[in-house]
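**Student:** Pasting model.cif below, which is mmCIF, C-alpha atoms.
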data_input
loop_
_atom_site.group_PDB
_atom_site.id
_atom_site.type_symbol
_atom_site.label_atom_id
_atom_site.label_comp_id
_atom_site.auth_asym_id
_atom_site.auth_seq_id
_atom_site.Cartn_x
_atom_site.Cartn_y
_atom_site.Cartn_z
ATOM 1 C CA MET Z 15 -122.578 11.671 148.411
ATOM 2 C CA ASN Z 16 -120.951 9.072 150.637
ATOM 3 C CA ARG Z 17 -117.193 8.756 150.853
ATOM 4 C CA PRO Z 18 -116.120 5.926 148.548
ATOM 5 C CA LEU Z 19 -113.924 3.045 149.590
ATOM 6 C CA LEU Z 20 -110.342 3.198 148.393
ATOM 7 C CA THR Z 21 -110.310 0.263 145.976
ATOM 8 C CA PRO Z 22 -108.517 -0.462 142.692
ATOM 9 C CA ASP Z 23 -111.794 0.357 140.885
ATOM 10 C CA LEU Z 24 -111.950 3.925 142.200
ATOM 11 C CA ARG Z 25 -111.669 6.531 139.439
ATOM 12 C CA PRO Z 26 -108.663 8.878 139.815
ATOM 13 C CA GLU Z 27 -110.985 11.927 139.833
ATOM 14 C CA GLU Z 28 -112.969 10.451 142.715
ATOM 15 C CA PHE Z 29 -109.776 9.633 144.591
ATOM 16 C CA SER Z 30 -108.540 13.225 144.203
ATOM 17 C CA ALA Z 31 -111.834 14.672 145.462
ATOM 18 C CA TRP Z 32 -111.551 13.107 148.916
ATOM 19 C CA TYR Z 33 -109.257 13.444 151.897
ATOM 20 C CA TRP Z 34 -107.301 10.283 152.727
ATOM 21 C CA LEU Z 35 -105.301 9.521 155.832
ATOM 22 C CA LYS Z 36 -101.710 8.490 155.309
ATOM 23 C CA LYS Z 37 -102.499 5.133 156.953
ATOM 24 C CA GLU Z 38 -105.314 4.536 154.430
ATOM 25 C CA LEU Z 39 -102.915 5.253 151.556
ATOM 26 C CA GLN Z 40 -100.257 2.959 153.039
ATOM 27 C CA ASP Z 41 -102.772 0.146 153.550
ATOM 28 C CA PHE Z 42 -104.004 0.492 149.972
ATOM 29 C CA CYS Z 43 -100.460 0.488 148.575
ATOM 30 C CA SER Z 44 -99.623 -2.567 150.666
ATOM 31 C CA ALA Z 45 -102.676 -4.411 149.316
ATOM 32 C CA GLN Z 46 -101.510 -3.611 145.765
ATOM 33 C CA ASN Z 47 -97.931 -4.732 146.539
ATOM 34 C CA TRP Z 48 -96.694 -1.201 145.931
ATOM 35 C CA PRO Z 49 -94.074 0.549 148.078
ATOM 36 C CA THR Z 50 -95.619 1.889 151.272
ATOM 37 C CA GLY Z 51 -92.842 4.283 152.255
ATOM 38 C CA GLY Z 52 -92.473 7.976 151.731
ATOM 39 C CA SER Z 53 -94.462 11.025 152.639
ATOM 40 C CA LYS Z 54 -98.205 11.362 152.306
ATOM 41 C CA GLN Z 55 -97.529 13.354 149.139
ATOM 42 C CA ASP Z 56 -95.474 10.439 147.743
ATOM 43 C CA LEU Z 57 -98.211 7.947 148.597
ATOM 44 C CA THR Z 58 -100.925 10.136 147.048
ATOM 45 C CA ALA Z 59 -98.952 10.432 143.804
ATOM 46 C CA ARG Z 60 -98.367 6.670 143.800
ATOM 47 C CA VAL Z 61 -102.062 5.847 144.296
ATOM 48 C CA ARG Z 62 -103.193 8.435 141.731
ATOM 49 C CA ALA Z 63 -100.774 7.006 139.149
ATOM 50 C CA GLY Z 64 -101.829 3.431 139.909
ATOM 51 C CA LEU Z 65 -105.532 4.238 139.635
ATOM 52 C CA SER Z 66 -104.862 6.056 136.335
ATOM 53 C CA GLY Z 67 -103.048 3.053 134.885
ATOM 54 C CA GLN Z 68 -99.795 5.029 134.756
ATOM 55 C CA PRO Z 69 -96.406 3.763 135.909
ATOM 56 C CA LEU Z 70 -95.805 4.389 139.593
ATOM 57 C CA PRO Z 71 -93.491 7.317 140.366
ATOM 58 C CA ALA Z 72 -89.944 6.267 141.168
ATOM 59 C CA TRP Z 73 -89.292 5.978 144.876
ATOM 60 C CA ARG Z 74 -86.329 4.791 146.860
ATOM 61 C CA ALA Z 75 -86.098 4.321 150.577
ATOM 62 C CA PRO Z 76 -83.864 6.982 152.124
ATOM 63 C CA ALA Z 77 -80.275 6.003 152.757
ATOM 64 C CA ALA Z 78 -79.235 5.239 156.293
ATOM 65 C CA THR Z 79 -78.676 8.412 158.266
ATOM 66 C CA ALA Z 80 -75.178 9.580 158.992
ATOM 67 C CA VAL Z 81 -73.651 9.504 162.433
ATOM 68 C CA HIS Z 82 -74.904 12.421 164.517
ATOM 69 C CA ASP Z 83 -72.574 14.801 166.281
ATOM 70 C CA ALA Z 84 -73.135 14.744 169.998
ATOM 71 C CA MET Z 85 -74.682 17.923 171.345
ATOM 72 C CA PRO Z 86 -72.555 19.625 174.014
ATOM 73 C CA GLY Z 87 -73.947 19.869 177.539
ATOM 74 C CA SER Z 88 -73.754 23.664 177.526
ATOM 75 C CA LEU Z 89 -75.171 25.648 174.624
ATOM 76 C CA THR Z 90 -74.078 29.227 173.885
ATOM 77 C CA PRO Z 91 -74.659 31.507 170.899
ATOM 78 C CA GLN Z 92 -71.130 30.622 169.727
ATOM 79 C CA THR Z 93 -71.864 26.871 169.691
ATOM 80 C CA VAL Z 94 -71.533 25.437 166.181
ATOM 81 C CA ILE Z 95 -74.544 23.329 165.199
ATOM 82 C CA GLY Z 96 -73.498 19.768 164.499
ATOM 83 C CA PRO Z 97 -74.929 17.585 161.727
ATOM 84 C CA GLY Z 98 -77.859 15.449 162.771
ATOM 85 C CA TRP Z 99 -78.778 17.379 165.907
ATOM 86 C CA ARG Z 100 -82.330 16.696 167.022
ATOM 87 C CA LEU Z 101 -84.671 19.523 167.951
ATOM 88 C CA ASN Z 102 -84.911 18.579 171.607
ATOM 89 C CA ALA Z 103 -85.601 20.003 175.065
ATOM 90 C CA ALA Z 104 -82.026 21.295 175.459
ATOM 91 C CA LEU Z 105 -82.247 23.288 172.234
ATOM 92 C CA ARG Z 106 -85.717 24.494 173.130
ATOM 93 C CA GLY Z 107 -84.352 25.695 176.483
ATOM 94 C CA PHE Z 108 -81.597 27.620 174.698
ATOM 95 C CA PHE Z 109 -84.077 29.306 172.348
ATOM 96 C CA VAL Z 110 -86.553 30.095 175.150
ATOM 97 C CA ALA Z 111 -83.721 31.729 177.126
ATOM 98 C CA HIS Z 112 -82.733 33.859 174.109
ATOM 99 C CA THR Z 113 -86.207 34.650 172.731
ATOM 100 C CA SER Z 114 -89.357 34.159 174.835
ATOM 101 C CA PRO Z 115 -91.324 31.446 176.660
ATOM 102 C CA ALA Z 116 -93.642 31.322 173.625
ATOM 103 C CA PHE Z 117 -90.818 29.954 171.430
ATOM 104 C CA ARG Z 118 -91.738 27.110 169.050
ATOM 105 C CA PHE Z 119 -89.531 25.369 166.489
ATOM 106 C CA ASN Z 120 -90.744 26.629 163.115
ATOM 107 C CA GLN Z 121 -90.065 25.506 159.558
ATOM 108 C CA ALA Z 122 -87.154 27.919 159.124
ATOM 109 C CA LEU Z 123 -85.336 26.343 162.079
ATOM 110 C CA ARG Z 124 -86.216 22.799 161.038
ATOM 111 C CA ASP Z 125 -84.732 23.537 157.607
ATOM 112 C CA LEU Z 126 -81.585 25.057 159.122
ATOM 113 C CA PHE Z 127 -81.020 22.087 161.437
ATOM 114 C CA LYS Z 128 -81.423 19.602 158.567
ATOM 115 C CA ASN Z 129 -78.344 21.103 156.920
ATOM 116 C CA PRO Z 130 -76.545 23.439 159.353
ATOM 117 C CA GLU Z 131 -73.306 23.778 157.302
ATOM 118 C CA GLY Z 132 -71.236 24.982 160.264
ATOM 119 C CA ARG Z 133 -73.651 27.696 161.408
ATOM 120 C CA THR Z 134 -73.780 28.774 165.027
ATOM 121 C CA LEU Z 135 -76.721 29.027 167.390
ATOM 122 C CA ALA Z 136 -76.393 32.829 167.132
ATOM 123 C CA GLN Z 137 -77.048 32.511 163.392
ATOM 124 C CA ALA Z 138 -79.980 30.197 164.145
ATOM 125 C CA LEU Z 139 -81.422 32.905 166.421
ATOM 126 C CA VAL Z 140 -81.230 35.385 163.527
ATOM 127 C CA VAL Z 141 -82.967 32.909 161.200
ATOM 128 C CA TYR Z 142 -85.688 32.340 163.803
ATOM 129 C CA ARG Z 143 -86.275 36.048 164.469
ATOM 130 C CA ASP Z 144 -86.378 36.822 160.739
ATOM 131 C CA SER Z 145 -88.866 34.031 160.122
ATOM 132 C CA CYS Z 146 -91.128 35.328 162.914
ATOM 133 C CA THR Z 147 -91.455 38.698 161.188
ATOM 134 C CA GLN Z 148 -92.659 37.055 157.962
ATOM 135 C CA GLY Z 149 -95.998 35.921 159.379
ATOM 136 C CA ALA Z 150 -97.539 32.478 159.097
ATOM 137 C CA ALA Z 151 -95.859 30.265 156.538
ATOM 138 C CA PRO Z 152 -98.109 28.605 153.959
ATOM 139 C CA ILE Z 153 -99.094 25.093 154.923
ATOM 140 C CA GLN Z 154 -98.046 22.463 152.397
ATOM 141 C CA ARG Z 155 -100.764 20.551 150.591
ATOM 142 C CA GLN Z 156 -100.213 17.263 152.405
ATOM 143 C CA PHE Z 157 -101.092 18.955 155.711
ATOM 144 C CA GLN Z 158 -104.759 19.522 154.917
ATOM 145 C CA PHE Z 159 -105.815 18.971 158.533
ATOM 146 C CA ASN Z 160 -103.449 21.722 159.720
ATOM 147 C CA GLN Z 161 -104.829 24.072 157.054
ATOM 148 C CA HIS Z 162 -108.391 23.307 158.146
ATOM 149 C CA ILE Z 163 -107.576 24.033 161.798
ATOM 150 C CA ARG Z 164 -105.861 27.343 160.928
ATOM 151 C CA ASP Z 165 -108.750 28.403 158.660
ATOM 152 C CA TYR Z 166 -111.415 27.303 161.147
ATOM 153 C CA PHE Z 167 -110.012 29.355 164.013
ATOM 154 C CA ALA Z 168 -109.533 32.351 161.710
ATOM 155 C CA GLN Z 169 -113.221 32.137 160.746
ATOM 156 C CA HIS Z 170 -114.449 31.213 164.273
ATOM 157 C CA PRO Z 171 -112.206 33.070 166.774
ATOM 158 C CA GLY Z 172 -114.142 31.912 169.860
ATOM 159 C CA ALA Z 173 -114.370 28.261 168.822
ATOM 160 C CA THR Z 174 -112.989 25.365 170.817
ATOM 161 C CA ARG Z 175 -110.639 22.688 169.527
ATOM 162 C CA ALA Z 176 -113.472 20.165 169.899
ATOM 163 C CA GLN Z 177 -115.624 22.254 167.543
ATOM 164 C CA ALA Z 178 -112.780 22.498 165.031
ATOM 165 C CA LEU Z 179 -112.285 18.720 165.156
ATOM 166 C CA GLN Z 180 -116.022 18.112 164.733
ATOM 167 C CA ALA Z 181 -116.024 20.381 161.677
ATOM 168 C CA TRP Z 182 -112.996 18.471 160.326
ATOM 169 C CA GLN Z 183 -114.779 15.132 160.696
ATOM 170 C CA ALA Z 184 -117.788 16.512 158.810
ATOM 171 C CA LYS Z 185 -115.532 17.966 156.110
ATOM 172 C CA ARG Z 186 -113.764 14.621 155.620
ATOM 173 C CA GLN Z 187 -117.100 13.028 154.749
ATOM 174 C CA THR Z 188 -117.653 15.335 151.761
ATOM 175 C CA PRO Z 189 -115.806 15.608 148.464
ATOM 176 C CA GLN Z 190 -113.666 18.670 148.658
ATOM 177 C CA ALA Z 191 -111.452 20.793 146.500
ATOM 178 C CA LEU Z 192 -109.097 22.362 148.998
ATOM 179 C CA VAL Z 193 -107.488 25.602 147.904
ATOM 180 C CA PHE Z 194 -103.751 25.970 148.266
ATOM 181 C CA SER Z 195 -101.426 28.654 146.980
ATOM 182 C CA ALA Z 196 -99.211 27.697 144.042
ATOM 183 C CA ASP Z 197 -96.020 27.809 146.140
ATOM 184 C CA ALA Z 198 -97.496 25.465 148.777
ATOM 185 C CA GLN Z 199 -97.984 22.619 146.319
#
The structure in this file should be written as structure tokens.

**Tutor:**
Amino acid sequence: MNRPLLTPDLRPEEFSAWYWLKKELQDFCSAQNWPTGGSKQDLTARVRAGLSGQPLPAWRAPAATAVHDAMPGSLTPQTVIGPGWRLNAALRGFFVAHTSPAFRFNQALRDLFKNPEGRTLAQALVVYRDSCTQGAAPIQRQFQFNQHIRDYFAQHPGATRAQALQAWQAKRQTPQALVFSADAQ
């Protein structure tokens, strides 16, 4: 079965069976004069509703972001995290110095920095260390590519990234029912 074109005539079941890039969803919404903003999950829900003849889900553009607190030049565990701080090289340097060179910003830290509520970097270190002991977090449904890559390397430990990408391209050309845990929806 060949991958169908994303057109207004596509049946909702067919649409749901295939993987779509966010850009494809945005282009389709634009052609239908529907809002093109939001996450891939928002766009998918919008297209599914439109193809089903249902009203489009409500969506509003996010409000302008608040003024960001400037990050101090020197970061210590006692430094209070300011609203709007970006996860940048300076913060990464702080975490590498207090954890290990293998440090990566994970979802727990991204969530904490979105709404720090006066927490300190010492508290952020605790959140990070706790999250590292919990194992790999489930990948949300809209990140199907990430899930494929994780699954592929788990099933093919000696594989290269090129092989994983080739398998992804082949997978995209087939209808697929990807399996996700209930809490990752």

**Student:** Separation of CA of Gln187 (chain Z) and CA of Pro69 (chain Z), in Å?

**Tutor:**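 Result for CA of Gln187 (chain Z) versus CA of Pro69 (chain Z): 29.5 Å, one decimal.
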
**Student:** Translate the PyMOL selection byres ((chain Z and resi 117) around 12), as applied to the file shown, into an explicit residue set as a PyMOL selection string.

**Tutor:** chain Z and resi 103+105-116+118-120+123+139+142-143+146

**Student:** For Ala72 (chain Z), list every protein, DNA or RNA residue within 10 Å, evaluated using all atoms listed in the file, and leave out those in the same chain fewer than 3 positions away; present the list as JSON, numbers by chain.

**Tutor:** {"Z": [49, 56, 60, 69]}

**Student:** Draw an axis-aligned box tight on the listed atoms of region 59-73 of chain Z, then pad every side by 8 Å and write out centre and edge lengths in Å to one decimal as JSON.

**Tutor:**
{"center_x": -97.4, "center_y": 6.7, "center_z": 139.8, "size_x": 32.2, "size_y": 23.4, "size_z": 26.1}

**Student:** Can you spell out as number ranges by chain the set of residues that the PyMOL selection byres ((chain Z and resi 97-101) around 10) selects in the structure I just provided?

**Tutor:** Z: 79-85, 94-96, 102-106, 119, 123-124, 127-132

**Student:** Keeping C-alpha atoms for every residue in the selection just given, could you write it to a file as an mmCIF file, keeping the file's coordinate frame?

**Tutor:**
data_model
loop_
_atom_site.group_PDB
_atom_site.id
_atom_site.type_symbol
_atom_site.label_atom_id
_atom_site.label_comp_id
_atom_site.auth_asym_id
_atom_site.auth_seq_id
_atom_site.Cartn_x
_atom_site.Cartn_y
_atom_site.Cartn_z
ATOM 1 C CA THR Z 79 -78.676 8.412 158.266
ATOM 2 C CA ALA Z 80 -75.178 9.580 158.992
ATOM 3 C CA VAL Z 81 -73.651 9.504 162.433
ATOM 4 C CA HIS Z 82 -74.904 12.421 164.517
ATOM 5 C CA ASP Z 83 -72.574 14.801 166.281
ATOM 6 C CA ALA Z 84 -73.135 14.744 169.998
ATOM 7 C CA MET Z 85 -74.682 17.923 171.345
ATOM 8 C CA VAL Z 94 -71.533 25.437 166.181
ATOM 9 C CA ILE Z 95 -74.544 23.329 165.199
ATOM 10 C CA GLY Z 96 -73.498 19.768 164.499
ATOM 11 C CA ASN Z 102 -84.911 18.579 171.607
ATOM 12 C CA ALA Z 103 -85.601 20.003 175.065
ATOM 13 C CA ALA Z 104 -82.026 21.295 175.459
ATOM 14 C CA LEU Z 105 -82.247 23.288 172.234
ATOM 15 C CA ARG Z 106 -85.717 24.494 173.130
ATOM 16 C CA PHE Z 119 -89.531 25.369 166.489
ATOM 17 C CA LEU Z 123 -85.336 26.343 162.079
ATOM 18 C CA ARG Z 124 -86.216 22.799 161.038
ATOM 19 C CA PHE Z 127 -81.020 22.087 161.437
ATOM 20 C CA LYS Z 128 -81.423 19.602 158.567
ATOM 21 C CA ASN Z 129 -78.344 21.103 156.920
ATOM 22 C CA PRO Z 130 -76.545 23.439 159.353
ATOM 23 C CA GLU Z 131 -73.306 23.778 157.302
ATOM 24 C CA GLY Z 132 -71.236 24.982 160.264
#

**Student:** Report, in Å with one decimal, the straight-line distance from CA of Ile163 (chain Z) to CA of Ala181 (chain Z).

**Tutor:**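 One can read the CA of Ile163 (chain Z) to CA of Ala181 (chain Z) distance as 9.2 Å.
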
**Student:** Once the PyMOL selection byres ((chain Z and resi 37-44) around 12) has been applied to the shown file, what residues remain in the selection, as a ChimeraX atom specification?

**Tutor:** /Z:19-24,29,32-36,45-65,70

**Student:** Do you have the CA of Gln137 (chain Z)-CA of Gln121 (chain Z) distance handy?

**Tutor:** 15.3 Å

**Student:** Which of these residues is nearest to Leu179 (chain Z), using all atoms listed in the file: Z:Arg25, Z:His162, Z:Arg17, Z:Arg133?

**Tutor:**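 Looking at the shortest contact to Leu179 (chain Z), the residue is Z:His162.
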
**Student:** Between Z:Trp182, Z:Trp73, Z:Leu126, Z:Ser30, which one has atoms that come closest to Asn160 (chain Z), using only C-alpha atoms?

**Tutor:**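 Counting only C-alpha atoms, the residue closest to Asn160 (chain Z) is Z:Trp182.
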
**Student:** Find the residue from Z:Thr188, Z:Gln180, Z:Ser66, Z:Gln92 that sits nearest to Thr134 (chain Z); use all atoms listed in the file when measuring.

**Tutor:**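 Using all atoms listed in the file, the shortest distance to Thr134 (chain Z) belongs to Z:Gln92.
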